[in-house]
>>> print(open('protein.cif').read())   # mmCIF, C-alpha atoms
data_final
loop_
_atom_site.label_atom_id
_atom_site.label_comp_id
_atom_site.auth_asym_id
_atom_site.auth_seq_id
_atom_site.Cartn_x
_atom_site.Cartn_y
_atom_site.Cartn_z
CA MET F 26 -15.14 -15.77 -5.91
CA LYS F 27 -14.87 -19.23 -7.50
CA ARG F 28 -11.42 -20.71 -7.80
CA PRO F 29 -10.35 -20.86 -11.47
CA ALA F 30 -9.35 -24.18 -12.96
CA PHE F 31 -5.78 -25.20 -12.27
CA SER F 32 -3.68 -25.30 -15.40
CA THR F 33 -0.40 -27.16 -15.25
CA GLY F 34 2.82 -26.14 -16.94
CA GLU F 35 3.94 -22.54 -16.65
CA SER F 36 1.38 -21.69 -13.99
CA MET F 37 2.01 -19.28 -11.15
CA LYS F 38 0.76 -19.91 -7.61
CA LEU F 39 -1.37 -17.24 -5.98
CA HIS F 40 -2.11 -17.13 -2.26
CA TRP F 41 -5.84 -16.60 -2.68
CA SER F 42 -9.05 -16.17 -0.76
CA PRO F 43 -12.60 -15.86 -2.09
CA ARG F 44 -13.30 -12.88 0.17
CA SER F 45 -10.16 -10.73 -0.12
CA PRO F 46 -10.77 -7.58 -2.16
CA PHE F 47 -7.06 -7.23 -2.88
CA VAL F 48 -6.93 -10.79 -4.23
CA ARG F 49 -9.96 -9.93 -6.31
CA LYS F 50 -8.12 -6.97 -7.87
CA VAL F 51 -5.44 -9.39 -9.07
CA MET F 52 -7.96 -11.88 -10.40
CA VAL F 53 -10.03 -9.24 -12.23
CA ALA F 54 -6.80 -8.08 -13.86
CA ALA F 55 -5.84 -11.67 -14.72
CA HIS F 56 -9.22 -12.23 -16.40
CA GLU F 57 -8.97 -8.94 -18.30
CA LEU F 58 -5.48 -9.92 -19.50
CA GLY F 59 -6.42 -13.50 -20.44
CA LEU F 60 -4.09 -14.93 -17.80
CA ALA F 61 -6.51 -16.35 -15.24
CA GLU F 62 -5.97 -19.93 -16.37
CA LYS F 63 -2.23 -19.63 -15.81
CA ILE F 64 -2.73 -18.90 -12.13
CA GLU F 65 -3.05 -21.69 -9.59
CA CYS F 66 -5.12 -20.27 -6.74
CA VAL F 67 -4.24 -21.70 -3.34
CA ARG F 68 -6.74 -21.03 -0.56
CA SER F 69 -4.85 -19.03 2.06
CA VAL F 70 -6.55 -17.54 5.10
CA ALA F 71 -4.96 -14.27 6.24
CA ALA F 72 -6.49 -12.92 9.45
CA MET F 73 -5.02 -9.98 11.32
CA SER F 74 -4.77 -11.91 14.58
CA LYS F 75 -3.59 -15.26 13.18
CA PRO F 76 -0.30 -15.42 11.31
CA ASN F 77 -0.53 -18.17 8.68
CA ALA F 78 2.66 -20.22 8.43
CA ALA F 79 1.91 -21.37 4.88
CA ILE F 80 1.58 -17.80 3.63
CA MET F 81 4.57 -16.67 5.68
CA LEU F 82 6.87 -19.11 3.87
CA ASP F 83 6.32 -16.87 0.85
CA ASN F 84 5.25 -13.56 2.41
CA PRO F 85 6.46 -13.09 6.00
CA LEU F 86 3.83 -10.37 6.49
CA SER F 87 1.18 -13.13 6.23
CA LYS F 88 -0.77 -11.04 3.72
CA ILE F 89 -2.50 -11.96 0.52
CA PRO F 90 -2.29 -11.74 -2.43
CA ALA F 91 1.24 -13.09 -2.86
CA LEU F 92 2.26 -14.54 -6.22
CA VAL F 93 4.89 -17.28 -6.48
CA LEU F 94 6.52 -17.49 -9.91
CA GLY F 95 7.81 -20.66 -11.52
CA ASP F 96 11.38 -20.00 -10.36
CA GLY F 97 10.26 -19.44 -6.77
CA THR F 98 10.39 -15.64 -6.89
CA VAL F 99 7.63 -14.16 -4.74
CA LEU F 100 5.85 -10.93 -5.63
CA VAL F 101 3.83 -9.24 -2.91
CA ASP F 102 1.24 -6.47 -3.03
CA SER F 103 -1.65 -6.39 -5.46
CA ALA F 104 -0.33 -3.33 -7.32
CA VAL F 105 3.03 -5.01 -7.98
CA ILE F 106 1.38 -8.28 -9.02
CA VAL F 107 -1.01 -6.54 -11.41
CA GLU F 108 1.82 -4.63 -13.04
CA TYR F 109 3.73 -7.90 -13.42
CA LEU F 110 0.73 -9.60 -15.03
CA ASP F 111 0.28 -6.60 -17.31
CA SER F 112 3.89 -6.99 -18.46
CA LEU F 113 3.29 -10.70 -19.16
CA ALA F 114 0.44 -9.65 -21.44
CA GLY F 115 2.73 -7.34 -23.38
CA GLY F 116 2.63 -4.25 -21.18
CA GLY F 117 0.48 -1.14 -21.28
CA GLN F 118 -2.77 -3.10 -21.18
CA LEU F 119 -4.17 -2.01 -17.83
CA ILE F 120 -1.59 0.68 -16.93
CA ALA F 121 -0.37 3.32 -19.37
CA PRO F 122 3.39 2.77 -19.81
CA ALA F 123 4.34 6.42 -19.20
CA GLY F 124 3.15 9.98 -18.98
CA ARG F 125 0.38 11.84 -17.21
CA GLN F 126 -2.19 9.08 -17.69
CA ARG F 127 0.08 6.60 -15.92
CA TRP F 128 0.36 8.76 -12.80
CA LEU F 129 -3.34 9.51 -12.73
CA VAL F 130 -4.22 5.83 -12.97
CA LEU F 131 -1.66 4.65 -10.42
CA SER F 132 -2.75 7.36 -8.01
CA ARG F 133 -6.40 6.43 -8.47
CA GLN F 134 -5.50 2.81 -7.74
CA ALA F 135 -3.67 3.96 -4.59
CA LEU F 136 -6.70 6.00 -3.50
CA ALA F 137 -9.01 3.01 -3.94
CA ASP F 138 -6.53 0.67 -2.25
CA GLY F 139 -6.25 3.16 0.60
CA LEU F 140 -10.03 3.14 0.93
CA LEU F 141 -9.93 -0.67 1.09
CA ASP F 142 -7.19 -0.58 3.74
CA LEU F 143 -9.36 1.79 5.76
CA LEU F 144 -12.44 -0.42 5.35
CA VAL F 145 -10.57 -3.52 6.51
CA LEU F 146 -9.36 -1.67 9.63
CA TRP F 147 -12.82 -0.22 10.18
CA ARG F 148 -14.37 -3.67 10.06
CA ASN F 149 -11.79 -5.03 12.53
CA GLU F 150 -12.62 -2.19 14.93
CA ARG F 151 -16.38 -2.33 14.41
CA ASP F 152 -16.52 -6.04 15.16
CA LYS F 153 -14.79 -5.73 18.55
CA PRO F 154 -16.69 -5.86 21.83
CA ALA F 155 -17.98 -2.33 22.50
CA GLY F 156 -15.72 -1.80 25.51
CA ARG F 157 -12.61 -2.36 23.42
CA GLN F 158 -13.58 -0.12 20.50
CA THR F 159 -11.82 3.21 19.93
CA HIS F 160 -14.67 5.53 19.06
CA GLU F 161 -12.50 8.31 17.66
CA TRP F 162 -11.20 5.79 15.12
CA LEU F 163 -14.67 4.69 14.12
CA ASP F 164 -15.68 8.33 13.64
CA ALA F 165 -12.53 9.07 11.64
CA PHE F 166 -13.03 6.02 9.40
CA ALA F 167 -16.54 7.23 8.56
CA VAL F 168 -15.41 10.77 7.73
CA LYS F 169 -12.52 9.62 5.53
CA ALA F 170 -14.53 6.95 3.71
CA ALA F 171 -17.30 9.43 2.90
CA ALA F 172 -14.82 12.02 1.62
CA THR F 173 -13.09 9.42 -0.54
CA LEU F 174 -16.40 8.27 -2.02
CA ASP F 175 -17.29 11.91 -2.74
CA ARG F 176 -13.97 12.28 -4.54
CA LEU F 177 -14.68 9.17 -6.60
CA GLU F 178 -18.15 10.55 -7.45
CA ALA F 179 -16.40 13.69 -8.73
CA GLU F 180 -14.12 11.46 -10.82
CA ALA F 181 -16.91 9.30 -12.24
CA ALA F 182 -16.78 11.17 -15.56
CA ALA F 183 -13.12 10.20 -15.86
CA LEU F 184 -13.93 6.60 -14.99
CA GLU F 185 -16.53 6.59 -17.76
CA SER F 186 -14.30 8.10 -20.43
CA GLU F 187 -10.82 6.74 -19.76
CA PRO F 188 -9.57 3.40 -21.15
CA PHE F 189 -10.42 0.60 -18.71
CA GLY F 190 -7.46 -0.14 -16.50
CA ILE F 191 -6.14 -0.78 -13.03
CA GLY F 192 -7.69 2.41 -11.64
CA HIS F 193 -11.12 1.12 -12.65
CA ILE F 194 -10.42 -2.32 -11.23
CA ALA F 195 -9.30 -0.90 -7.88
CA VAL F 196 -12.31 1.42 -7.58
CA GLY F 197 -14.70 -1.32 -8.65
CA CYS F 198 -13.30 -3.77 -6.11
CA ALA F 199 -13.47 -1.18 -3.32
CA LEU F 200 -17.11 -0.35 -4.10
CA SER F 201 -18.03 -4.03 -4.27
CA TYR F 202 -16.38 -4.56 -0.89
CA LEU F 203 -18.56 -1.78 0.52
CA ASP F 204 -21.61 -3.69 -0.72
CA PHE F 205 -20.27 -6.90 0.83
CA ARG F 206 -19.20 -5.63 4.26
CA PHE F 207 -20.71 -2.17 4.67
CA ALA F 208 -24.14 -2.38 3.05
CA ASP F 209 -25.48 -0.18 5.85
CA LEU F 210 -23.35 2.72 4.57
CA ALA F 211 -25.61 2.96 1.48
CA TRP F 212 -22.71 4.48 -0.45
CA ARG F 213 -24.83 5.01 -3.59
CA GLU F 214 -26.96 7.67 -1.87
CA GLY F 215 -25.94 11.08 -3.22
CA ARG F 216 -23.46 9.49 -5.61
CA PRO F 217 -25.57 8.58 -8.67
CA ARG F 218 -22.84 8.77 -11.27
CA LEU F 219 -20.44 6.56 -9.34
CA ALA F 220 -23.29 4.11 -8.74
CA ALA F 221 -24.06 4.02 -12.46
CA TRP F 222 -20.40 3.48 -13.31
CA GLN F 223 -20.10 0.69 -10.74
CA ALA F 224 -22.98 -1.15 -12.41
CA THR F 225 -20.99 -1.21 -15.66
CA PHE F 226 -17.97 -2.58 -13.78
CA ALA F 227 -20.02 -5.27 -12.06
CA ALA F 228 -21.38 -6.40 -15.43
CA ARG F 229 -17.96 -7.11 -16.94
CA PRO F 230 -17.11 -10.80 -17.36
CA SER F 231 -13.94 -10.31 -15.29
CA ALA F 232 -15.97 -8.88 -12.40
CA ARG F 233 -18.66 -11.54 -12.66
CA ALA F 234 -16.05 -14.31 -12.65
CA THR F 235 -14.55 -12.97 -9.42
CA GLU F 236 -17.55 -11.88 -7.37
CA ILE F 237 -16.91 -12.03 -3.65
CA VAL F 238 -19.08 -14.64 -2.03
CA ASP F 239 -19.61 -15.83 1.49
CA GLY F 240 -18.70 -19.37 2.40
CA MET A 12 13.65 15.49 9.30
CA LYS A 13 14.42 19.14 8.52
CA ARG A 14 12.21 20.83 5.98
CA PRO A 15 14.16 21.55 2.76
CA ALA A 16 14.37 25.11 1.50
CA PHE A 17 11.36 26.23 -0.50
CA SER A 18 12.19 26.86 -4.12
CA THR A 19 9.74 28.93 -6.14
CA GLY A 20 8.86 28.35 -9.75
CA GLU A 21 8.10 24.84 -10.91
CA SER A 22 7.97 23.45 -7.38
CA MET A 23 5.60 20.73 -6.26
CA LYS A 24 3.83 20.76 -2.91
CA LEU A 25 4.26 17.78 -0.63
CA HIS A 26 2.06 17.12 2.40
CA TRP A 27 4.94 16.43 4.74
CA SER A 28 5.73 15.56 8.33
CA PRO A 29 9.13 15.21 9.99
CA ARG A 30 8.13 11.90 11.60
CA SER A 31 6.36 10.02 8.82
CA PRO A 32 8.46 7.15 7.47
CA PHE A 33 6.47 7.13 4.23
CA VAL A 34 7.15 10.83 3.72
CA ARG A 35 10.79 10.10 4.42
CA LYS A 36 10.85 7.50 1.63
CA VAL A 37 9.77 10.21 -0.80
CA MET A 38 12.31 12.71 0.49
CA VAL A 39 15.20 10.23 0.41
CA ALA A 40 14.27 9.49 -3.20
CA ALA A 41 14.02 13.21 -3.98
CA HIS A 42 17.51 13.80 -2.56
CA GLU A 43 18.94 10.83 -4.47
CA LEU A 44 17.37 12.17 -7.67
CA GLY A 45 18.49 15.78 -7.14
CA LEU A 46 14.88 16.95 -6.87
CA ALA A 47 14.57 17.88 -3.20
CA GLU A 48 14.81 21.62 -3.87
CA LYS A 49 11.87 21.45 -6.25
CA ILE A 50 9.56 20.19 -3.52
CA GLU A 51 7.77 22.57 -1.19
CA CYS A 52 7.19 20.67 2.03
CA VAL A 53 4.01 21.64 3.87
CA ARG A 54 3.74 20.45 7.46
CA SER A 55 0.65 18.24 7.56
CA VAL A 56 -0.32 16.23 10.61
CA ALA A 57 -2.03 12.95 9.78
CA ALA A 58 -3.26 11.09 12.85
CA MET A 59 -5.43 8.00 12.63
CA SER A 60 -8.10 9.47 14.90
CA LYS A 61 -8.11 13.04 13.55
CA PRO A 62 -8.98 13.67 9.90
CA ASN A 63 -7.04 16.73 8.71
CA ALA A 64 -9.17 18.98 6.50
CA ALA A 65 -6.14 20.57 4.82
CA ILE A 66 -4.80 17.18 3.73
CA MET A 67 -8.26 15.96 2.75
CA LEU A 68 -8.65 18.76 0.21
CA ASP A 69 -5.93 16.93 -1.71
CA ASN A 70 -6.14 13.38 -0.34
CA PRO A 71 -9.56 12.52 1.10
CA LEU A 72 -7.98 9.59 2.97
CA SER A 73 -6.14 12.20 5.12
CA LYS A 74 -2.87 10.36 4.57
CA ILE A 75 0.60 11.59 3.82
CA PRO A 76 2.62 11.80 1.67
CA ALA A 77 0.46 13.41 -1.02
CA LEU A 78 2.13 15.38 -3.80
CA VAL A 79 0.35 18.27 -5.52
CA LEU A 80 1.74 19.03 -8.97
CA GLY A 81 1.84 22.48 -10.56
CA ASP A 82 -1.39 21.85 -12.47
CA GLY A 83 -3.22 20.75 -9.33
CA THR A 84 -2.99 17.03 -10.04
CA VAL A 85 -2.60 15.11 -6.79
CA LEU A 86 -0.53 11.94 -6.53
CA VAL A 87 -1.05 9.77 -3.47
CA ASP A 88 0.97 6.89 -2.04
CA SER A 89 4.72 6.98 -1.56
CA ALA A 90 5.37 4.29 -4.20
CA VAL A 91 3.47 6.24 -6.85
CA ILE A 92 5.14 9.52 -5.91
CA VAL A 93 8.62 7.98 -6.00
CA GLU A 94 7.99 6.50 -9.43
CA TYR A 95 6.78 9.89 -10.62
CA LEU A 96 9.90 11.62 -9.27
CA ASP A 97 12.06 8.93 -10.89
CA SER A 98 10.42 9.70 -14.23
CA LEU A 99 11.11 13.43 -13.76
CA ALA A 100 14.76 12.52 -13.33
CA GLY A 101 14.78 10.65 -16.62
CA GLY A 102 13.41 7.28 -15.51
CA GLY A 103 15.15 4.10 -14.45
CA GLN A 104 17.18 5.83 -11.73
CA LEU A 105 15.72 4.19 -8.60
CA ILE A 106 13.49 1.57 -10.26
CA ALA A 107 14.59 -0.64 -13.14
CA PRO A 108 12.33 0.18 -16.10
CA ALA A 109 11.45 -3.45 -16.90
CA GLY A 110 12.35 -7.07 -16.38
CA ARG A 111 13.03 -9.32 -13.44
CA GLN A 112 14.95 -6.67 -11.49
CA ARG A 113 11.96 -4.33 -11.63
CA TRP A 114 9.63 -6.88 -10.03
CA LEU A 115 12.15 -7.86 -7.39
CA VAL A 116 12.70 -4.23 -6.40
CA LEU A 117 9.02 -3.27 -6.41
CA SER A 118 8.16 -6.34 -4.38
CA ARG A 119 10.92 -5.58 -1.87
CA GLN A 120 9.57 -2.05 -1.56
CA ALA A 121 6.10 -3.50 -0.94
CA LEU A 122 7.47 -5.85 1.73
CA ALA A 123 9.19 -2.98 3.53
CA ASP A 124 6.12 -0.74 3.17
CA GLY A 125 4.00 -3.58 4.53
CA LEU A 126 6.34 -3.84 7.51
CA LEU A 127 5.91 -0.09 8.07
CA ASP A 128 2.13 -0.38 7.82
CA LEU A 129 2.28 -3.11 10.43
CA LEU A 130 4.54 -1.07 12.72
CA VAL A 131 2.22 1.95 12.55
CA LEU A 132 -0.77 -0.23 13.50
CA TRP A 133 1.26 -1.96 16.19
CA ARG A 134 2.20 1.38 17.72
CA ASN A 135 -1.44 2.54 17.68
CA GLU A 136 -2.45 -0.64 19.50
CA ARG A 137 0.48 -0.67 21.93
CA ASP A 138 -0.20 2.90 23.03
CA LYS A 139 -3.83 2.21 24.01
CA PRO A 140 -4.95 1.78 27.60
CA ALA A 141 -4.33 -1.86 28.50
CA GLY A 142 -8.03 -2.67 28.79
CA ARG A 143 -8.66 -1.64 25.21
CA GLN A 144 -5.73 -3.52 23.65
CA THR A 145 -6.31 -6.61 21.53
CA HIS A 146 -3.62 -8.96 22.71
CA GLU A 147 -3.88 -11.39 19.80
CA TRP A 148 -3.08 -8.47 17.49
CA LEU A 149 -0.04 -7.45 19.52
CA ASP A 150 1.22 -11.04 19.44
CA ALA A 151 0.58 -11.32 15.70
CA PHE A 152 2.37 -8.02 14.97
CA ALA A 153 5.45 -9.31 16.82
CA VAL A 154 5.49 -12.63 14.94
CA LYS A 155 5.06 -11.03 11.53
CA ALA A 156 7.60 -8.25 12.13
CA ALA A 157 10.23 -10.76 13.29
CA ALA A 158 9.62 -12.99 10.26
CA THR A 159 9.88 -10.02 7.90
CA LEU A 160 13.13 -8.88 9.49
CA ASP A 161 14.48 -12.43 9.16
CA ARG A 162 13.57 -12.35 5.48
CA LEU A 163 15.37 -9.04 5.05
CA GLU A 164 18.43 -10.49 6.83
CA ALA A 165 18.36 -13.31 4.25
CA GLU A 166 18.19 -10.68 1.50
CA ALA A 167 21.01 -8.53 2.88
CA ALA A 168 23.45 -9.91 0.31
CA ALA A 169 21.14 -8.71 -2.44
CA LEU A 170 20.82 -5.30 -0.77
CA GLU A 171 24.62 -5.07 -0.73
CA SER A 172 25.13 -6.06 -4.35
CA GLU A 173 22.21 -4.60 -6.26
CA PRO A 174 22.17 -1.04 -7.62
CA PHE A 175 20.81 1.35 -4.99
CA GLY A 176 17.13 1.96 -5.58
CA ILE A 177 13.65 2.19 -4.13
CA GLY A 178 13.88 -1.23 -2.51
CA HIS A 179 16.87 -0.05 -0.50
CA ILE A 180 15.16 3.21 0.43
CA ALA A 181 12.04 1.42 1.64
CA VAL A 182 13.99 -1.10 3.72
CA GLY A 183 16.24 1.61 5.12
CA CYS A 184 13.28 3.78 6.15
CA ALA A 185 11.51 0.81 7.77
CA LEU A 186 14.61 -0.12 9.80
CA SER A 187 15.15 3.50 10.87
CA TYR A 188 11.52 3.65 12.00
CA LEU A 189 12.15 0.58 14.15
CA ASP A 190 15.01 2.45 15.81
CA PHE A 191 12.75 5.49 16.30
CA ARG A 192 9.61 3.83 17.65
CA PHE A 193 10.55 0.25 18.55
CA ALA A 194 14.05 0.49 20.01
CA ASP A 195 13.02 -2.17 22.56
CA LEU A 196 12.72 -4.72 19.74
CA ALA A 197 16.51 -4.66 19.29
CA TRP A 198 16.05 -5.72 15.67
CA ARG A 199 19.81 -5.96 15.04
CA GLU A 200 20.19 -8.95 17.38
CA GLY A 201 20.69 -12.06 15.27
CA ARG A 202 20.64 -10.01 12.07
CA PRO A 203 24.25 -8.83 11.69
CA ARG A 204 24.31 -8.52 7.93
CA LEU A 205 21.12 -6.43 7.79
CA ALA A 206 22.47 -4.27 10.60
CA ALA A 207 25.71 -3.70 8.68
CA TRP A 208 23.82 -2.83 5.52
CA GLN A 209 21.57 -0.41 7.39
CA ALA A 210 24.63 1.46 8.63
CA THR A 211 25.65 2.09 5.03
CA PHE A 212 22.15 3.37 4.27
CA ALA A 213 22.12 5.68 7.27
CA ALA A 214 25.45 7.18 6.18
CA ARG A 215 24.16 8.28 2.76
CA PRO A 216 23.68 12.05 2.38
CA SER A 217 20.04 11.46 1.37
CA ALA A 218 19.39 9.54 4.59
CA ARG A 219 21.25 12.04 6.76
CA ALA A 220 19.31 14.93 5.23
CA THR A 221 16.00 13.25 6.12
CA GLU A 222 16.61 11.70 9.51
CA ILE A 223 13.44 11.37 11.54
CA VAL A 224 13.56 13.61 14.58
CA ASP A 225 11.25 14.24 17.49
CA GLY A 226 9.75 17.69 17.88
#
>>> encode(input="protein.cif", output="structure tokens")
Amino acid sequence: MKRPAFSTGESMKLHWSPRSPFVRKVMVAAHELGLAEKIECVRSVAAMSKPNAAIMLDNPLSKIPALVLGDGTVLVDSAVIVEYLDSLAGGGQLIAPAGRQRWLVLSRQALADGLLDLLVLWRNERDKPAGRQTHEWLDAFAVKAAATLDRLEAEAAALESEPFGIGHIAVGCALSYLDFRFADLAWREGRPRLAAWQATFAARPSARATEIVDG
Amino acid sequence: MKRPAFSTGESMKLHWSPRSPFVRKVMVAAHELGLAEKIECVRSVAAMSKPNAAIMLDNPLSKIPALVLGDGTVLVDSAVIVEYLDSLAGGGQLIAPAGRQRWLVLSRQALADGLLDLLVLWRNERDKPAGRQTHEWLDAFAVKAAATLDRLEAEAAALESEPFGIGHIAVGCALSYLDFRFADLAWREGRPRLAAWQATFAARPSARATEIVDG
């Protein structure tokens, strides 16, 4: 993910990394809302084993994304930050303001975020020396990830027909992360409709501007 | 946490456990909103290493809480469920509907939920055989938890003065979980104002009705 140009003035500061899928959710939303240029992205490395003092000044959990507003207020968690950005853009742009559609979309975002949480933990476990791995966890990660992808395949028709929003962004970022870190899972196999939908997500300018890259 | 009485009719089904702090968040909110009797609590064991088929029918991530509405719609994630319950109660009860206070409260909830996520991972790691533990993780968990508790101590004045809401519930449930699983941390030491605030939380009827118990 390339760092957007810094724009002075009323900019917000985002603790950012080119490889964090949760940061990417925020940046896809910012591009969709026309706010990307208002966000100053500060490279912040958040590793599970290395607390980062610079991040912790703003977010003591040492997690990204964390958004620092002009008055110093810090917002943590990608879902909170996206809803804040949506409100800056007038509200109701990426999240329905009320009613059944709101709950469906927020729950879909939570499902995709939960898949991402699982994948991050899975990767941490997978990359350990074999003697330190917990095999029941690795097995459980695989079962839960497959079931979640099957659920998303079943919801692909909804992804196709519903207004583009935060549910789509979260699912798209989770699937892209699978391609980036779990290519061996071949998640598209047996899930043709989800694969076709993901191609439409990946083609959006907001997704192309935020692609996760190595380096 | 005792299971509330089952009320027939328009009840919702909650995948529930007496020891889950995230389930407790939902139930504290339900009690505060006068909705606890509308929720049928179904005992659902969610362990990191054992996918639970009954939960996965509703939430393929095998996580709780998950709320099943009368029409079969499933809402996952405690933050989403609490906002849904708040809307059932008219909206704006536990979460300000808009503006600066909304973002502050949602971000505080996310900070407390992030602390809980960390504590759950910490406990999983701590309880492993010594040879399989990752010591850098254990050290990092301790540093980040202490910093987050220090931040909450600094925010205790805001907890005291702001209208009771989801931020309070999330912080209260995280602190109670520390007492339940990390008594050795002695989190109150050096954090007198947070400790005093937590006592007021624990005394609320909604907190007393949902205390986490062993067994």
>>> closest_atom_pairs(input="protein.cif", of="chain F", to="chain A", cutoff="9 Å", atoms="all atoms listed in the file", output="CSV")
residue,atom,partner,partner_atom,distance
F:Met73,CA,A:Trp148,CA,6.6
F:Ser74,CA,A:Trp148,CA,4.8
F:Lys75,CA,A:Ala151,CA,6.3
F:Pro76,CA,A:Ala151,CA,6.1
F:Met81,CA,A:Ala158,CA,7.7
F:Asn84,CA,A:Thr159,CA,8.0
F:Pro85,CA,A:Thr159,CA,5.0
F:Leu86,CA,A:Lys155,CA,5.2
F:Ser87,CA,A:Lys155,CA,6.9
F:Lys88,CA,A:Gly125,CA,8.9
F:Thr98,CA,A:Leu115,CA,8.0
F:Val99,CA,A:Ser118,CA,7.8
F:Leu100,CA,A:Ser118,CA,5.3
F:Val101,CA,A:Ser118,CA,5.4
F:Asp102,CA,A:Ala121,CA,6.1
F:Val105,CA,A:Ser118,CA,6.4
F:Ile106,CA,A:Trp114,CA,8.4
F:Glu108,CA,A:Trp114,CA,8.7
F:Tyr109,CA,A:Trp114,CA,6.9
F:Ser112,CA,A:Ala109,CA,8.5
F:Ala123,CA,A:Ser98,CA,8.5
F:Gly124,CA,A:Ser98,CA,8.7
F:Trp128,CA,A:Tyr95,CA,6.9
F:Leu129,CA,A:Leu86,CA,7.2
F:Leu131,CA,A:Val91,CA,6.4
F:Ser132,CA,A:Leu86,CA,5.3
F:Arg133,CA,A:Val87,CA,8.0
F:Ala135,CA,A:Asp88,CA,6.1
F:Leu136,CA,A:Val87,CA,6.8
F:Gly139,CA,A:Leu72,CA,7.1
F:Leu140,CA,A:Leu72,CA,7.1
F:Leu143,CA,A:Leu72,CA,8.4
F:Gly156,CA,A:Arg143,CA,7.1
F:Arg157,CA,A:Arg143,CA,4.4
F:Gln158,CA,A:Arg143,CA,7.0
F:Thr159,CA,A:Arg143,CA,7.8
F:His160,CA,A:Ser60,CA,8.7
F:Glu161,CA,A:Ser60,CA,5.3
F:Trp162,CA,A:Ser60,CA,4.8
F:Leu163,CA,A:Ser60,CA,8.2
F:Asp164,CA,A:Ser60,CA,7.8
F:Ala165,CA,A:Ser60,CA,5.5
F:Phe166,CA,A:Ser60,CA,8.2
F:Val168,CA,A:Pro62,CA,7.4
F:Lys169,CA,A:Leu72,CA,5.2
F:Ala170,CA,A:Leu72,CA,7.1
F:Ala171,CA,A:Pro71,CA,8.5
F:Ala172,CA,A:Pro71,CA,5.3
F:Thr173,CA,A:Pro71,CA,5.0
F:Leu174,CA,A:Pro71,CA,8.6
F:Asp175,CA,A:Pro71,CA,8.7
F:Arg176,CA,A:Pro71,CA,7.2
>>> resolve_selection(input="protein.cif", expression="the PyMOL selection byres ((chain F and resi 220) around 12)", output="PyMOL selection string")
chain F and resi 174-175+177-182+184-185+196-197+200-201+203-204+211-219+221-227
>>> atom_distance(input="protein.cif", atom1="atom CA of Asp128 of chain A", atom2="atom CA of Phe207 of chain F")
23.1 Å
>>> closest_residue(input="protein.cif", among="A:Cys184, A:Leu196, A:Pro29, A:Ser22", to="Ile223 of chain A", atoms="all atoms listed in the file")
A:Pro29
>>> atom_distance(input="protein.cif", atom1="atom CA of Leu96 of chain A", atom2="atom CA of Leu46 of chain A")
7.7 Å
>>> closest_residue(input="protein.cif", among="F:Ala234, F:Tyr202, F:Leu119, F:Lys38", to="Leu92 of chain F", atoms="all atoms listed in the file")
F:Lys38
>>> atom_distance(input="protein.cif", atom1="atom CA of Ile120 of chain F", atom2="atom CA of Ile191 of chain F")
6.2 Å
>>> resolve_selection(input="protein.cif", expression="the PyMOL selection byres ((chain F and resi 41) around 7)", output="list of chain:residue names")
F:Leu39, F:His40, F:Ser42, F:Pro43, F:Val48, F:Cys66, F:Val67, F:Arg68, F:Ser69, F:Ile89, F:Pro90
>>> closest_residue(input="protein.cif", among="A:Val224, A:Val93, A:Ala57, A:Val131", to="Ala181 of chain A", atoms="only C-alpha atoms")
A:Val93
>>> closest_residue(input="protein.cif", among="F:Lys63, F:Pro188, F:Ala79, F:Met52", to="Leu94 of chain F", atoms="only C-alpha atoms")
F:Lys63
>>> decode(input="protein.cif", residues="segment 131-137 of chain F", atoms="N, CA, C and O atoms", output="PDB file, in the first residue's frame")
ATOM      1  N   LEU F 131     -22.992  -4.160   9.691  1.00  0.00           N
ATOM      2  CA  LEU F 131     -22.031  -4.137  10.801  1.00  0.00           C
ATOM      3  C   LEU F 131     -21.662  -5.556  11.226  1.00  0.00           C
ATOM      4  O   LEU F 131     -20.509  -5.829  11.584  1.00  0.00           O
ATOM      5  N   SER F 132     -22.618  -6.466  11.181  1.00  0.00           N
ATOM      6  CA  SER F 132     -22.322  -7.839  11.556  1.00  0.00           C
ATOM      7  C   SER F 132     -21.430  -8.497  10.508  1.00  0.00           C
ATOM      8  O   SER F 132     -20.525  -9.272  10.838  1.00  0.00           O
ATOM      9  N   ARG F 133     -21.668  -8.180   9.240  1.00  0.00           N
ATOM     10  CA  ARG F 133     -20.790  -8.737   8.196  1.00  0.00           C
ATOM     11  C   ARG F 133     -19.361  -8.204   8.374  1.00  0.00           C
ATOM     12  O   ARG F 133     -18.395  -8.936   8.213  1.00  0.00           O
ATOM     13  N   GLN F 134     -19.252  -6.914   8.674  1.00  0.00           N
ATOM     14  CA  GLN F 134     -17.919  -6.368   8.949  1.00  0.00           C
ATOM     15  C   GLN F 134     -17.270  -7.125  10.111  1.00  0.00           C
ATOM     16  O   GLN F 134     -16.089  -7.496  10.043  1.00  0.00           O
ATOM     17  N   ALA F 135     -18.038  -7.382  11.172  1.00  0.00           N
ATOM     18  CA  ALA F 135     -17.479  -8.065  12.339  1.00  0.00           C
ATOM     19  C   ALA F 135     -17.053  -9.487  11.980  1.00  0.00           C
ATOM     20  O   ALA F 135     -16.034  -9.985  12.479  1.00  0.00           O
ATOM     21  N   LEU F 136     -17.825 -10.137  11.117  1.00  0.00           N
ATOM     22  CA  LEU F 136     -17.455 -11.495  10.692  1.00  0.00           C
ATOM     23  C   LEU F 136     -16.129 -11.459   9.918  1.00  0.00           C
ATOM     24  O   LEU F 136     -15.218 -12.266  10.168  1.00  0.00           O
ATOM     25  N   ALA F 137     -16.011 -10.518   9.002  1.00  0.00           N
ATOM     26  CA  ALA F 137     -14.773 -10.412   8.210  1.00  0.00           C
ATOM     27  C   ALA F 137     -13.596  -9.989   9.092  1.00  0.00           C
ATOM     28  O   ALA F 137     -12.482 -10.510   8.941  1.00  0.00           O
TER      29      ALA F 137
END
